[in-house]
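> Quick one: structure below, then a few questions.
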Amino acid sequence: MTRYVAWLHAVNVSGRNKVPMAWLREAAAAEGFTDVATYLQSGNLVLSADTRKVAEVRERVRSMIKAGLGLDIEVTIRSRAELAKVVERNPMPEHVDEPAKLHVSFLTGTPDAGGLAAIDPALYEPERFVVDAQHLYLWFPNGAGRSKLATLPWRKRIGVTGTARNWRTVLTVLDLMDPA
């Protein structure tokens with residue numbers, strides 16, 4: 001069995017794409033996943049699956065949500081090992097003491113290098129961003145709600161979508177993925 005987190009994109013935000021977490025846990029268990037847990041109301045689903053095929057887990061979760069709720073929700077999957085690497089490779093360790101201001105966007109693919117190069121970081125200072133593989137680390141010193149980077153049309157600029165979680169959520173989900 002492999003431990004995974006399914007990051008659901010844009011759920012329970014402003015009253016749209018409602019995915020009740022109790023329903024999500026029950027549906028995931030009925031789908032054959034084990035050790036199912038959720039964290040918060042924002043679409044953080046932790047589960048174990050008998051496959052190492054990330055694409056299979058992703059499609060099963062997406063299909064389950066579409067069949068049960070009629071919602072076509074984007075889902076990004078990371079294994080426990082992959083999430084541990086995200087934490088290890090944090091390029092902004094000086095900001096972990098303010099976990100609400102440090103975020104990771106889990107991308108659906110590799111971002112376009114040309115699109116990234118066209119973003120001038122100086123326009124967003126003191127905010128910062130660093131891309132590492134399929135992860136976009138973001139520092140919002142004044143909070144995400146006031147951020148210019150948070151409203152940047154990332155998909156248009158880098159060609160992939162993502163779903164962001166603050167550092168506290170990333171660490172809590174990683175802890176949830178450990179055996180009891």
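Labels used: A, B, ... for chains in the order of the structure tokens, numbers from 1 for residues in each chain, and numbers from 1 for ligands as shown.
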Fewer than 6 positions away in the same chain doesn't count, so skip those; otherwise give me all residues within 9 Å of range 130-144 of chain A, counting only C-alpha atoms, as a list in words.

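Residues near the query, excluding close chain neighbours: Val86, Arg89, Asn90, Pro91, Met92, His95, Glu98, Ala100, Lys101, Leu102, His103, Val104, Ser105, Phe106, Leu107, Thr108, Gly109, Thr110, Pro111, Leu116, Ala150, Gly162 and Ala164 of chain A.
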
> List every residue of chain A that DSSP, applied to the backbone of this structure, places in alpha helix (DSSP H), and write the result as a VMD selection string.

chain A and resid 21 to 30 54 to 69 80 to 88 113 to 117 154 to 158 167 to 176

> If we count only C-alpha atoms and set the cut-off at 12 Å, which residues sit around range 60-63 of chain A, ignoring sequence neighbours fewer than 5 positions away in its own chain? Please answer as an NGL selection string.

:A and (4-9 or 19 or 24-25 or 27-33 or 43-47 or 49 or 51 or 53-55 or 68-77)

> Could you go through chain A and tell me which residues DSSP, when run on the backbone, assigns to strand (DSSP E), listing them as JSON, numbers by chain?

{"A": [2, 3, 4, 5, 6, 7, 8, 34, 35, 36, 37, 38, 39, 44, 45, 46, 47, 48, 49, 75, 76, 77, 78, 79, 102, 103, 104, 105, 106, 107, 128, 129, 130, 131, 132, 135, 136, 137, 138, 139, 162, 163, 164, 165, 166]}

> What is the distance, in Å and to one decimal place, between CA of Lys66 in chain A and CA of Thr34 in chain A?

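Spanning CA of Lys66 in chain A to CA of Thr34 in chain A is a straight-line distance of 20.0 Å.
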
> Which distance in Å separates CA of Val170 in chain A and CA of Pro20 in chain A, to one decimal?

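Separation of CA of Val170 in chain A and CA of Pro20 in chain A: 20.3 Å.
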
> CA of Arg128 in chain A and CA of Ala113 in chain A, how far apart in Å?

17.2 Å

> My list of candidates is A:Arg80, A:Arg165, A:Tyr124, A:Ala117. Which is closest to Thr151 in chain A when distances are computed with only C-alpha atoms?

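The shortest atom-to-atom distance to Thr151 in chain A comes from A:Tyr124.
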
> Considering only C-alpha atoms, state which residue in the set A:Thr169, A:Ser42, A:Thr2, A:Thr161 is at the smallest distance from Arg78 in chain A.

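Of all the options, A:Thr2 lies closest to Arg78 in chain A.
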
> Per residue of range 114-135 of chain A within 9 Å of range 153-159 of chain A, note the shortest atom pair and the distance in Å to one decimal, counting only C-alpha atoms, and order the rows by chain and increasing residue number, as a Markdown table.


```
| residue | atom | partner | partner_atom | distance |
| --- | --- | --- | --- | --- |
| A:Gly114 | CA | A:Ile158 | CA | 7.8 |
| A:Gly115 | CA | A:Ile158 | CA | 4.8 |
| A:Leu116 | CA | A:Ile158 | CA | 6.0 |
| A:Ala118 | CA | A:Arg157 | CA | 8.2 |
| A:Ile119 | CA | A:Arg157 | CA | 8.0 |
```

> Compare A:Glu56, A:Ala37, A:Val11, A:Pro99 by their minimum atom-to-atom distance to Thr163 in chain A, counting only C-alpha atoms, and give me the closest one.

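Nearest to Thr163 in chain A: A:Val11.
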